[in-house]
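Asks: Below is a structure I'd like to ask you about.
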Amino acid sequence: MTKVAFIGLGRMGHGMAGRYLDAGFDVAVWNRSKAKAEDLIARGARWASSPAEAADGADAVVTMVADDEASRAVWLGENGAAAKMKAGSLAIECSTVSHQHALDMARELRGRSLTYIDCPVTGLPQAAASGKLTLLVGADAADLDRAKPYLAPIGDVIRHFGAVGTGTVFKLINNLMGAVQIASLAEGVAMAEQAGLDMNLVAEALSTGAVASPQVIRHSKRMVARDFSGASFTAALRHKDAAYAVKLAETLLPGVPVSRAALAAYEKAKANAPDDDEGQMIEIVSRPK
Ligand code: NAP
């Protein structure tokens, strides 16, 4: 049976790990806090006491953790996965990390005869649990071909942007644009409230009109209703993505004032309540100054 190690069982990773079980893989799991693994263990996953133990004997190791720091810890930290991976096996990074981090990991793991590909994803936790993520891949074509059997359970669309690191470049641009849209939506909704408009009508008009991107559709009604139940993407993660993206912009196109403003807005949202839903930006924007 093909062996996969899955590391990071948060909102996204938990569902993704379950997909490998459903697809019949032999799955070892590790998460910093074990409680999130319990139901996966009941479904047949093997608990590993460290990323290294999970990776021992695996054909591929898949990570879905918060950020660069977490990624470095699970690949290269004490008892990190790289310590026990088989030469030639695949290291698939699904976490959203910085571009420089993806390049650094690729280099460091290549030095240990491992193949690292960046495969950040788009899609909410429901898509993760049902194998319907879009996978944004940076890898040599041959490496991607080898990785495909391990990508099939988790995604239904693969977008291959080029060499390692390019999936992350696109993901960061995508999520930076998302930050701009949500921060701008919050300001628009707050202005409409101040003007005394019928907010149900505003929500309907926003989510069906010319600015109705999926982000605007998703967040407009929630912002108007102040209903943020079931946070799926936190202010801290949105801030992290925007910060990595603006850092990337410094090497490509330093003059990005709109993006920097969205980053500053998410700095405030993160300082206010890092684990709240990203849409709670409306609370910050509406607060009397
Ligand atoms: P989450 O629920 O906050 O989970 C974060 C995961 O990272 C948890 O498993 C956490 O372990 C682990 N972690 C954090 N710091 C760590 C450290 N220092 N060492 C080891 N593990 C650490 O986040 P998520 O929403 O699943 O997001 C995971 C990744 O997917 C992020 O890179 C995010 O940007 C990306 N993403 C999220 C979404 C979304 O809609 N949520 C969509 C696309 C991409 P504990 O459980 O022990 O805290």
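Every chain in the structure tokens takes a letter, A first, then B, and so on in the order presented; its residues are numbered from 1, and the ligands are numbered from 1 following the presented order.
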If DSSP is run on the backbone, what residues of region 44-263 of chain A are helix (DSSP H, G or I)? A reply as a PyMOL selection string would be ideal.
Replies: chain A and resi 51-55+68-76+81-83+99-110+125-129+141-151+166-194+199-208+214-225+235-252+257-263
Asks: Contacts of Ala186 (chain A) at 7 Å or less, counting only C-alpha atoms, minus same-chain residues fewer than 2 places along, as a list in words?
Replies: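 Near neighbours after the sequence-gap exclusion: Ile182, Ala183, Ser184, Gly188, Val189, Ala190, Met281, Ile282 and Val285 of chain A.
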Asks: Using C-alpha atoms, can you export the residues from the last selection as an mmCIF file, in the first residue's frame?
Replies:
data_model
loop_
_atom_site.group_PDB
_atom_site.id
_atom_site.type_symbol
_atom_site.label_atom_id
_atom_site.label_comp_id
_atom_site.auth_asym_id
_atom_site.auth_seq_id
_atom_site.Cartn_x
_atom_site.Cartn_y
_atom_site.Cartn_z
ATOM 1 C CA ILE A 182 -12.218 42.209 1.668
ATOM 2 C CA ALA A 183 -10.709 45.354 3.223
ATOM 3 C CA SER A 184 -12.349 47.498 0.556
ATOM 4 C CA GLY A 188 -17.939 50.145 1.487
ATOM 5 C CA VAL A 189 -20.338 48.345 3.827
ATOM 6 C CA ALA A 190 -19.428 50.671 6.715
ATOM 7 C CA MET A 281 -12.555 43.572 9.269
ATOM 8 C CA ILE A 282 -15.975 45.296 9.218
ATOM 9 C CA VAL A 285 -13.487 49.721 10.000
#
Asks: Tell me which of A:Leu90, A:Ala236, A:Ala127, A:Ala147 sits closest to Glu278 (chain A), counting only C-alpha atoms.
Replies: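 For Glu278 (chain A), the nearest of the candidates is A:Ala236.
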Asks: Just checking: using only C-alpha atoms, which residue out of A:Pro120, A:Pro51, A:Gly209, A:Gly24 ends up closest to Thr166 (chain A)?
Replies: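 Nearest candidate to Thr166 (chain A) out of A:Pro120, A:Pro51, A:Gly209, A:Gly24: A:Pro120.
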Asks: Write out as number ranges by chain the residues lying within 12 Å of His101 (chain A), counting only C-alpha atoms and excluding same-chain residues fewer than 3 positions away.
Replies: A: 67-72, 75, 93, 95-98, 104-109, 116-118, 164-165, 168-169, 244, 247-248
Asks: Those selected residues, please, written with N, CA and C atoms and delivered as a PDB file, in the first residue's frame.
Replies:
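File result.pdb, as written:
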ATOM      1  N   ASP A  67       2.577  28.573   8.593  1.00  0.00           N
ATOM      2  CA  ASP A  67       3.442  29.614   8.014  1.00  0.00           C
ATOM      3  C   ASP A  67       4.876  29.106   7.866  1.00  0.00           C
ATOM      4  N   ASP A  68       5.797  30.016   7.513  1.00  0.00           N
ATOM      5  CA  ASP A  68       7.204  29.632   7.299  1.00  0.00           C
ATOM      6  C   ASP A  68       7.802  28.955   8.531  1.00  0.00           C
ATOM      7  N   GLU A  69       7.536  29.559   9.672  1.00  0.00           N
ATOM      8  CA  GLU A  69       8.140  29.050  10.914  1.00  0.00           C
ATOM      9  C   GLU A  69       7.681  27.611  11.166  1.00  0.00           C
ATOM     10  N   ALA A  70       6.385  27.383  11.018  1.00  0.00           N
ATOM     11  CA  ALA A  70       5.843  26.034  11.248  1.00  0.00           C
ATOM     12  C   ALA A  70       6.377  25.072  10.195  1.00  0.00           C
ATOM     13  N   SER A  71       6.459  25.542   8.956  1.00  0.00           N
ATOM     14  CA  SER A  71       6.948  24.679   7.883  1.00  0.00           C
ATOM     15  C   SER A  71       8.398  24.260   8.142  1.00  0.00           C
ATOM     16  N   ARG A  72       9.246  25.240   8.496  1.00  0.00           N
ATOM     17  CA  ARG A  72      10.655  24.909   8.772  1.00  0.00           C
ATOM     18  C   ARG A  72      10.747  23.896   9.920  1.00  0.00           C
ATOM     19  N   TRP A  75       9.665  20.357   8.671  1.00  0.00           N
ATOM     20  CA  TRP A  75      10.583  19.708   7.707  1.00  0.00           C
ATOM     21  C   TRP A  75      11.975  19.518   8.313  1.00  0.00           C
ATOM     22  N   GLU A  93       4.596  20.582  -0.203  1.00  0.00           N
ATOM     23  CA  GLU A  93       4.246  21.680   0.717  1.00  0.00           C
ATOM     24  C   GLU A  93       2.926  22.299   0.259  1.00  0.00           C
ATOM     25  N   SER A  95       1.093  24.107   2.550  1.00  0.00           N
ATOM     26  CA  SER A  95       0.961  25.329   3.355  1.00  0.00           C
ATOM     27  C   SER A  95       1.239  26.548   2.472  1.00  0.00           C
ATOM     28  N   THR A  96       0.618  27.684   2.819  1.00  0.00           N
ATOM     29  CA  THR A  96       0.990  28.927   2.141  1.00  0.00           C
ATOM     30  C   THR A  96       2.188  29.509   2.879  1.00  0.00           C
ATOM     31  N   VAL A  97       3.328  29.510   2.197  1.00  0.00           N
ATOM     32  CA  VAL A  97       4.576  30.002   2.789  1.00  0.00           C
ATOM     33  C   VAL A  97       5.078  31.174   1.946  1.00  0.00           C
ATOM     34  N   SER A  98       6.155  31.808   2.378  1.00  0.00           N
ATOM     35  CA  SER A  98       6.708  32.891   1.567  1.00  0.00           C
ATOM     36  C   SER A  98       7.458  32.288   0.377  1.00  0.00           C
ATOM     37  N   ASP A 104      14.069  28.198  -0.377  1.00  0.00           N
ATOM     38  CA  ASP A 104      15.040  27.681   0.606  1.00  0.00           C
ATOM     39  C   ASP A 104      14.785  26.209   0.917  1.00  0.00           C
ATOM     40  N   MET A 105      13.508  25.872   1.113  1.00  0.00           N
ATOM     41  CA  MET A 105      13.184  24.464   1.425  1.00  0.00           C
ATOM     42  C   MET A 105      13.551  23.567   0.249  1.00  0.00           C
ATOM     43  N   ALA A 106      13.255  24.028  -0.967  1.00  0.00           N
ATOM     44  CA  ALA A 106      13.573  23.214  -2.152  1.00  0.00           C
ATOM     45  C   ALA A 106      15.072  22.929  -2.188  1.00  0.00           C
ATOM     46  N   ARG A 107      15.855  23.976  -1.929  1.00  0.00           N
ATOM     47  CA  ARG A 107      17.318  23.812  -1.979  1.00  0.00           C
ATOM     48  C   ARG A 107      17.791  22.880  -0.864  1.00  0.00           C
ATOM     49  N   GLU A 108      17.301  23.134   0.344  1.00  0.00           N
ATOM     50  CA  GLU A 108      17.792  22.332   1.480  1.00  0.00           C
ATOM     51  C   GLU A 108      17.377  20.872   1.356  1.00  0.00           C
ATOM     52  N   LEU A 109      16.160  20.637   0.868  1.00  0.00           N
ATOM     53  CA  LEU A 109      15.727  19.238   0.751  1.00  0.00           C
ATOM     54  C   LEU A 109      16.390  18.552  -0.439  1.00  0.00           C
ATOM     55  N   TYR A 116      11.269  18.549  -3.275  1.00  0.00           N
ATOM     56  CA  TYR A 116      10.269  19.445  -2.663  1.00  0.00           C
ATOM     57  C   TYR A 116       9.508  20.135  -3.772  1.00  0.00           C
ATOM     58  N   ILE A 117       8.173  20.095  -3.688  1.00  0.00           N
ATOM     59  CA  ILE A 117       7.385  20.908  -4.618  1.00  0.00           C
ATOM     60  C   ILE A 117       6.451  21.798  -3.797  1.00  0.00           C
ATOM     61  N   ASP A 118       6.193  22.997  -4.295  1.00  0.00           N
ATOM     62  CA  ASP A 118       5.233  23.855  -3.598  1.00  0.00           C
ATOM     63  C   ASP A 118       3.877  23.660  -4.254  1.00  0.00           C
ATOM     64  N   VAL A 164       9.731  25.125  -9.251  1.00  0.00           N
ATOM     65  CA  VAL A 164       9.415  25.219  -7.825  1.00  0.00           C
ATOM     66  C   VAL A 164       9.427  26.692  -7.375  1.00  0.00           C
ATOM     67  N   GLY A 165       8.450  27.058  -6.576  1.00  0.00           N
ATOM     68  CA  GLY A 165       8.302  28.441  -6.100  1.00  0.00           C
ATOM     69  C   GLY A 165       7.212  29.210  -6.834  1.00  0.00           C
ATOM     70  N   THR A 168       3.653  29.218  -5.376  1.00  0.00           N
ATOM     71  CA  THR A 168       3.584  30.140  -4.237  1.00  0.00           C
ATOM     72  C   THR A 168       3.510  31.594  -4.705  1.00  0.00           C
ATOM     73  N   VAL A 169       4.232  31.935  -5.761  1.00  0.00           N
ATOM     74  CA  VAL A 169       4.124  33.307  -6.300  1.00  0.00           C
ATOM     75  C   VAL A 169       2.665  33.596  -6.645  1.00  0.00           C
ATOM     76  N   TYR A 244       3.607  38.224   3.272  1.00  0.00           N
ATOM     77  CA  TYR A 244       4.519  37.496   2.383  1.00  0.00           C
ATOM     78  C   TYR A 244       4.416  38.060   0.957  1.00  0.00           C
ATOM     79  N   LYS A 247       6.142  41.424   0.696  1.00  0.00           N
ATOM     80  CA  LYS A 247       7.597  41.160   0.702  1.00  0.00           C
ATOM     81  C   LYS A 247       8.046  40.725  -0.703  1.00  0.00           C
ATOM     82  N   LEU A 248       7.260  39.871  -1.320  1.00  0.00           N
ATOM     83  CA  LEU A 248       7.567  39.436  -2.687  1.00  0.00           C
ATOM     84  C   LEU A 248       7.523  40.629  -3.639  1.00  0.00           C
TER      85      LEU A 248
END
Asks: Grab me every residue within 8 Å of ligand 1, counting only C-alpha atoms and all ligand atoms, and send it over as a PyMOL selection string.
Replies: chain A and resi 7-14+31-34+36+64-67+69-71+73-74+94-97+120-125+232-234+237-238+240-241
Asks: In Å to one decimal, how far is CA of Ala163 (chain A) from CA of Leu252 (chain A)?
Replies: 17.3 Å
Asks: Give the strand (DSSP E) residues of region 90-277 of chain A, as DSSP finds them on the backbone, and put them as a list of chain:residue names.
Replies: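 Answer for region 90-277 of chain A restricted to strand (DSSP E) is A:Leu90, A:Ala91, A:Ile92, A:Glu93, A:Thr115, A:Tyr116, A:Ile117, A:Asp118, A:Val121, A:Thr122, A:Leu133, A:Thr134, A:Leu135, A:Leu136, A:Val137, A:Gly138, A:Gly155, A:Asp156, A:Val157, A:Ile158, A:Arg159, A:His160, A:Phe161, A:Gly162.
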Asks: Residues of the last selection are to be written out with N, CA, C and O atoms, as an mmCIF file, in the first residue's frame.
Replies:
data_model
loop_
_atom_site.group_PDB
_atom_site.id
_atom_site.type_symbol
_atom_site.label_atom_id
_atom_site.label_comp_id
_atom_site.auth_asym_id
_atom_site.auth_seq_id
_atom_site.Cartn_x
_atom_site.Cartn_y
_atom_site.Cartn_z
ATOM 1 N N LEU A 90 9.015 12.279 -2.082
ATOM 2 C CA LEU A 90 8.438 13.594 -2.394
ATOM 3 C C LEU A 90 8.057 14.355 -1.139
ATOM 4 O O LEU A 90 7.424 13.800 -0.231
ATOM 5 N N ALA A 91 8.398 15.635 -1.127
ATOM 6 C CA ALA A 91 8.007 16.551 -0.051
ATOM 7 C C ALA A 91 7.041 17.560 -0.673
ATOM 8 O O ALA A 91 7.444 18.372 -1.506
ATOM 9 N N ILE A 92 5.779 17.463 -0.303
ATOM 10 C CA ILE A 92 4.745 18.294 -0.945
ATOM 11 C C ILE A 92 4.259 19.328 0.063
ATOM 12 O O ILE A 92 3.611 18.992 1.054
ATOM 13 N N GLU A 93 4.596 20.582 -0.203
ATOM 14 C CA GLU A 93 4.246 21.680 0.717
ATOM 15 C C GLU A 93 2.926 22.299 0.259
ATOM 16 O O GLU A 93 2.882 23.012 -0.743
ATOM 17 N N THR A 115 12.768 15.546 -3.057
ATOM 18 C CA THR A 115 12.166 16.440 -4.049
ATOM 19 C C THR A 115 11.046 17.242 -3.397
ATOM 20 O O THR A 115 10.027 16.672 -3.000
ATOM 21 N N TYR A 116 11.269 18.549 -3.275
ATOM 22 C CA TYR A 116 10.269 19.445 -2.663
ATOM 23 C C TYR A 116 9.508 20.135 -3.772
ATOM 24 O O TYR A 116 10.100 20.683 -4.694
ATOM 25 N N ILE A 117 8.173 20.095 -3.688
ATOM 26 C CA ILE A 117 7.385 20.908 -4.618
ATOM 27 C C ILE A 117 6.451 21.798 -3.797
ATOM 28 O O ILE A 117 6.011 21.428 -2.708
ATOM 29 N N ASP A 118 6.193 22.997 -4.295
ATOM 30 C CA ASP A 118 5.233 23.855 -3.598
ATOM 31 C C ASP A 118 3.877 23.660 -4.254
ATOM 32 O O ASP A 118 3.742 23.645 -5.480
ATOM 33 N N VAL A 121 -2.839 25.883 -1.949
ATOM 34 C CA VAL A 121 -4.172 25.542 -2.464
ATOM 35 C C VAL A 121 -5.105 26.743 -2.353
ATOM 36 O O VAL A 121 -4.893 27.637 -1.539
ATOM 37 N N THR A 122 -6.161 26.723 -3.165
ATOM 38 C CA THR A 122 -7.300 27.602 -2.895
ATOM 39 C C THR A 122 -8.520 26.729 -2.671
ATOM 40 O O THR A 122 -8.624 25.617 -3.211
ATOM 41 N N LEU A 133 -10.102 20.916 -3.800
ATOM 42 C CA LEU A 133 -9.209 22.074 -3.788
ATOM 43 C C LEU A 133 -8.642 22.325 -5.181
ATOM 44 O O LEU A 133 -8.547 21.399 -5.997
ATOM 45 N N THR A 134 -8.265 23.575 -5.417
ATOM 46 C CA THR A 134 -7.456 23.895 -6.598
ATOM 47 C C THR A 134 -6.010 23.953 -6.133
ATOM 48 O O THR A 134 -5.698 24.626 -5.146
ATOM 49 N N LEU A 135 -5.142 23.222 -6.835
ATOM 50 C CA LEU A 135 -3.741 23.077 -6.416
ATOM 51 C C LEU A 135 -2.865 23.940 -7.317
ATOM 52 O O LEU A 135 -2.932 23.830 -8.546
ATOM 53 N N LEU A 136 -2.068 24.794 -6.693
ATOM 54 C CA LEU A 136 -1.261 25.781 -7.418
ATOM 55 C C LEU A 136 0.194 25.330 -7.329
ATOM 56 O O LEU A 136 0.858 25.573 -6.328
ATOM 57 N N VAL A 137 0.651 24.663 -8.384
ATOM 58 C CA VAL A 137 1.896 23.900 -8.250
ATOM 59 C C VAL A 137 3.099 24.610 -8.868
ATOM 60 O O VAL A 137 3.027 25.149 -9.975
ATOM 61 N N GLY A 138 4.221 24.548 -8.128
ATOM 62 C CA GLY A 138 5.522 24.911 -8.671
ATOM 63 C C GLY A 138 6.406 23.679 -8.613
ATOM 64 O O GLY A 138 6.708 23.186 -7.527
ATOM 65 N N GLY A 155 -7.258 17.364 -4.637
ATOM 66 C CA GLY A 155 -7.634 18.469 -5.521
ATOM 67 C C GLY A 155 -8.309 17.988 -6.781
ATOM 68 O O GLY A 155 -8.045 16.882 -7.249
ATOM 69 N N ASP A 156 -9.191 18.825 -7.332
ATOM 70 C CA ASP A 156 -9.773 18.455 -8.625
ATOM 71 C C ASP A 156 -9.284 19.341 -9.765
ATOM 72 O O ASP A 156 -9.615 19.094 -10.922
ATOM 73 N N VAL A 157 -8.489 20.353 -9.433
ATOM 74 C CA VAL A 157 -7.869 21.182 -10.483
ATOM 75 C C VAL A 157 -6.400 21.366 -10.108
ATOM 76 O O VAL A 157 -6.082 21.705 -8.965
ATOM 77 N N ILE A 158 -5.511 21.122 -11.080
ATOM 78 C CA ILE A 158 -4.085 21.398 -10.873
ATOM 79 C C ILE A 158 -3.699 22.527 -11.812
ATOM 80 O O ILE A 158 -3.906 22.429 -13.029
ATOM 81 N N ARG A 159 -3.152 23.601 -11.259
ATOM 82 C CA ARG A 159 -2.607 24.672 -12.102
ATOM 83 C C ARG A 159 -1.098 24.673 -11.898
ATOM 84 O O ARG A 159 -0.613 24.963 -10.808
ATOM 85 N N HIS A 160 -0.390 24.340 -12.979
ATOM 86 C CA HIS A 160 1.067 24.220 -12.898
ATOM 87 C C HIS A 160 1.687 25.504 -13.444
ATOM 88 O O HIS A 160 1.629 25.765 -14.648
ATOM 89 N N PHE A 161 2.300 26.302 -12.565
ATOM 90 C CA PHE A 161 2.810 27.614 -12.968
ATOM 91 C C PHE A 161 4.247 27.577 -13.460
ATOM 92 O O PHE A 161 4.721 28.549 -14.044
ATOM 93 N N GLY A 162 4.972 26.487 -13.224
ATOM 94 C CA GLY A 162 6.367 26.410 -13.654
ATOM 95 C C GLY A 162 7.219 25.783 -12.571
ATOM 96 O O GLY A 162 6.738 24.934 -11.817
#
Asks: Provide the CA of Ala271 (chain A) to CA of Asn175 (chain A) distance in Å, to one decimal place.
Replies: 19.3 Å
Asks: Which value, in Å to one decimal, gives the distance between CA of Leu197 (chain A) and CA of Ser286 (chain A)?
Replies: 14.9 Å
Asks: For Trp30 (chain A), which of A:Thr251, A:Gln194, A:Ser113, A:Asn79 is the closest residue, counting only C-alpha atoms?
Replies: A:Asn79
Asks: I want to know what sits within 12 Å of Arg146 (chain A), based on only C-alpha atoms, with residues of the same chain fewer than 2 positions away left out; could you give that as a compact mmCIF listing (two decimals) with all heavy atoms, in the first residue's frame?
Replies:
# COMPACT_ATOMS: atom_id res chain seq x y z
N ASP A 59 6.25 7.29 1.07
CA ASP A 59 6.59 7.59 -0.32
C ASP A 59 6.46 9.08 -0.58
O ASP A 59 7.13 9.63 -1.46
CB ASP A 59 5.64 6.81 -1.25
CG ASP A 59 5.75 5.31 -0.99
OD1 ASP A 59 6.82 4.76 -1.26
OD2 ASP A 59 4.78 4.72 -0.47
N ALA A 60 5.56 9.72 0.17
CA ALA A 60 5.40 11.17 0.05
C ALA A 60 5.01 11.73 1.41
O ALA A 60 4.30 11.08 2.16
CB ALA A 60 4.32 11.51 -0.98
N GLY A 88 14.93 10.30 -2.54
CA GLY A 88 14.10 10.30 -3.75
C GLY A 88 12.62 10.49 -3.47
O GLY A 88 11.83 10.64 -4.41
N SER A 89 12.22 10.50 -2.21
CA SER A 89 10.77 10.64 -1.95
C SER A 89 10.34 12.10 -2.07
O SER A 89 11.16 13.02 -2.15
CB SER A 89 10.40 10.03 -0.59
OG SER A 89 11.11 10.67 0.44
N LEU A 90 9.01 12.28 -2.08
CA LEU A 90 8.44 13.59 -2.39
C LEU A 90 8.06 14.35 -1.14
O LEU A 90 7.42 13.80 -0.23
CB LEU A 90 7.17 13.40 -3.22
CG LEU A 90 7.35 13.00 -4.68
CD1 LEU A 90 6.04 12.42 -5.23
CD2 LEU A 90 7.78 14.21 -5.51
N ALA A 91 8.40 15.63 -1.13
CA ALA A 91 8.01 16.55 -0.05
C ALA A 91 7.04 17.56 -0.67
O ALA A 91 7.44 18.37 -1.51
CB ALA A 91 9.24 17.26 0.50
N ILE A 92 5.78 17.46 -0.30
CA ILE A 92 4.75 18.29 -0.94
C ILE A 92 4.26 19.33 0.06
O ILE A 92 3.61 18.99 1.05
CB ILE A 92 3.58 17.41 -1.44
CG1 ILE A 92 4.10 16.35 -2.42
CG2 ILE A 92 2.50 18.28 -2.08
CD1 ILE A 92 3.05 15.35 -2.89
N THR A 115 12.77 15.55 -3.06
CA THR A 115 12.17 16.44 -4.05
C THR A 115 11.05 17.24 -3.40
O THR A 115 10.03 16.67 -3.00
CB THR A 115 11.59 15.62 -5.23
OG1 THR A 115 12.64 14.85 -5.78
CG2 THR A 115 10.99 16.54 -6.29
N TYR A 116 11.27 18.55 -3.28
CA TYR A 116 10.27 19.45 -2.66
C TYR A 116 9.51 20.13 -3.77
O TYR A 116 10.10 20.68 -4.69
CB TYR A 116 11.01 20.47 -1.82
CG TYR A 116 10.16 21.55 -1.15
CD1 TYR A 116 9.72 21.42 0.16
CD2 TYR A 116 9.87 22.74 -1.82
CE1 TYR A 116 9.00 22.43 0.80
CE2 TYR A 116 9.14 23.75 -1.19
CZ TYR A 116 8.71 23.59 0.11
OH TYR A 116 8.01 24.59 0.73
N ILE A 117 8.17 20.10 -3.69
CA ILE A 117 7.39 20.91 -4.62
C ILE A 117 6.45 21.80 -3.80
O ILE A 117 6.01 21.43 -2.71
CB ILE A 117 6.59 20.06 -5.64
CG1 ILE A 117 5.40 19.36 -5.01
CG2 ILE A 117 7.48 19.03 -6.33
CD1 ILE A 117 4.47 18.73 -6.06
N ALA A 139 6.80 23.17 -9.76
CA ALA A 139 7.60 21.94 -9.80
C ALA A 139 8.09 21.70 -11.22
O ALA A 139 7.45 22.16 -12.18
CB ALA A 139 6.75 20.72 -9.38
N ASP A 140 9.20 20.98 -11.35
CA ASP A 140 9.58 20.50 -12.69
C ASP A 140 8.48 19.57 -13.17
O ASP A 140 7.85 18.89 -12.35
CB ASP A 140 10.89 19.70 -12.61
CG ASP A 140 12.07 20.61 -12.32
OD1 ASP A 140 11.90 21.84 -12.40
OD2 ASP A 140 13.14 20.07 -11.97
N ALA A 141 8.29 19.54 -14.49
CA ALA A 141 7.18 18.73 -15.03
C ALA A 141 7.30 17.26 -14.59
O ALA A 141 6.29 16.63 -14.24
CB ALA A 141 7.15 18.84 -16.55
N ALA A 142 8.53 16.74 -14.57
CA ALA A 142 8.70 15.32 -14.21
C ALA A 142 8.35 15.10 -12.74
O ALA A 142 7.76 14.06 -12.38
CB ALA A 142 10.14 14.88 -14.48
N ASP A 143 8.70 16.06 -11.91
CA ASP A 143 8.37 15.94 -10.48
C ASP A 143 6.86 16.01 -10.28
O ASP A 143 6.29 15.27 -9.46
CB ASP A 143 9.05 17.05 -9.67
CG ASP A 143 10.57 16.91 -9.66
OD1 ASP A 143 11.06 15.79 -9.90
OD2 ASP A 143 11.25 17.93 -9.42
N LEU A 144 6.22 16.89 -11.03
CA LEU A 144 4.75 16.98 -10.92
C LEU A 144 4.11 15.66 -11.36
O LEU A 144 3.18 15.18 -10.70
CB LEU A 144 4.22 18.15 -11.77
CG LEU A 144 2.70 18.25 -11.87
CD1 LEU A 144 2.04 18.32 -10.49
CD2 LEU A 144 2.29 19.45 -12.71
N LYS A 148 1.54 13.45 -8.99
CA LYS A 148 0.09 13.44 -9.29
C LYS A 148 -0.73 12.41 -8.51
O LYS A 148 -1.83 12.72 -8.05
CB LYS A 148 -0.14 13.30 -10.80
CG LYS A 148 -0.02 14.64 -11.50
CD LYS A 148 -0.36 14.59 -12.96
CE LYS A 148 -0.25 16.00 -13.55
NZ LYS A 148 -0.16 16.00 -15.01
N PRO A 149 -0.23 11.18 -8.32
CA PRO A 149 -1.04 10.23 -7.54
C PRO A 149 -1.32 10.71 -6.12
O PRO A 149 -2.31 10.31 -5.51
CB PRO A 149 -0.17 8.96 -7.51
CG PRO A 149 0.77 9.11 -8.66
CD PRO A 149 0.99 10.58 -8.85
N TYR A 150 -0.44 11.60 -5.61
CA TYR A 150 -0.61 12.11 -4.24
C TYR A 150 -1.43 13.40 -4.23
O TYR A 150 -1.84 13.86 -3.17
CB TYR A 150 0.76 12.35 -3.58
CG TYR A 150 1.61 11.12 -3.62
CD1 TYR A 150 2.56 10.94 -4.63
CD2 TYR A 150 1.43 10.09 -2.71
CE1 TYR A 150 3.32 9.79 -4.71
CE2 TYR A 150 2.18 8.92 -2.77
CZ TYR A 150 3.13 8.78 -3.77
OH TYR A 150 3.86 7.63 -3.85
N LEU A 151 -1.63 13.97 -5.39
CA LEU A 151 -2.42 15.20 -5.48
C LEU A 151 -3.88 14.88 -5.79
O LEU A 151 -4.79 15.61 -5.39
CB LEU A 151 -1.85 16.14 -6.57
CG LEU A 151 -0.38 16.53 -6.40
CD1 LEU A 151 0.02 17.54 -7.48
CD2 LEU A 151 -0.11 17.11 -5.02
N ALA A 152 -4.10 13.76 -6.47
CA ALA A 152 -5.46 13.41 -6.91
C ALA A 152 -6.47 13.35 -5.76
O ALA A 152 -7.60 13.83 -5.91
CB ALA A 152 -5.44 12.09 -7.69
Asks: Pick from A:Glu78, A:Glu204, A:Asp56, A:Glu193: nearest to Val29 (chain A), with only C-alpha atoms counted?
Replies: A:Asp56
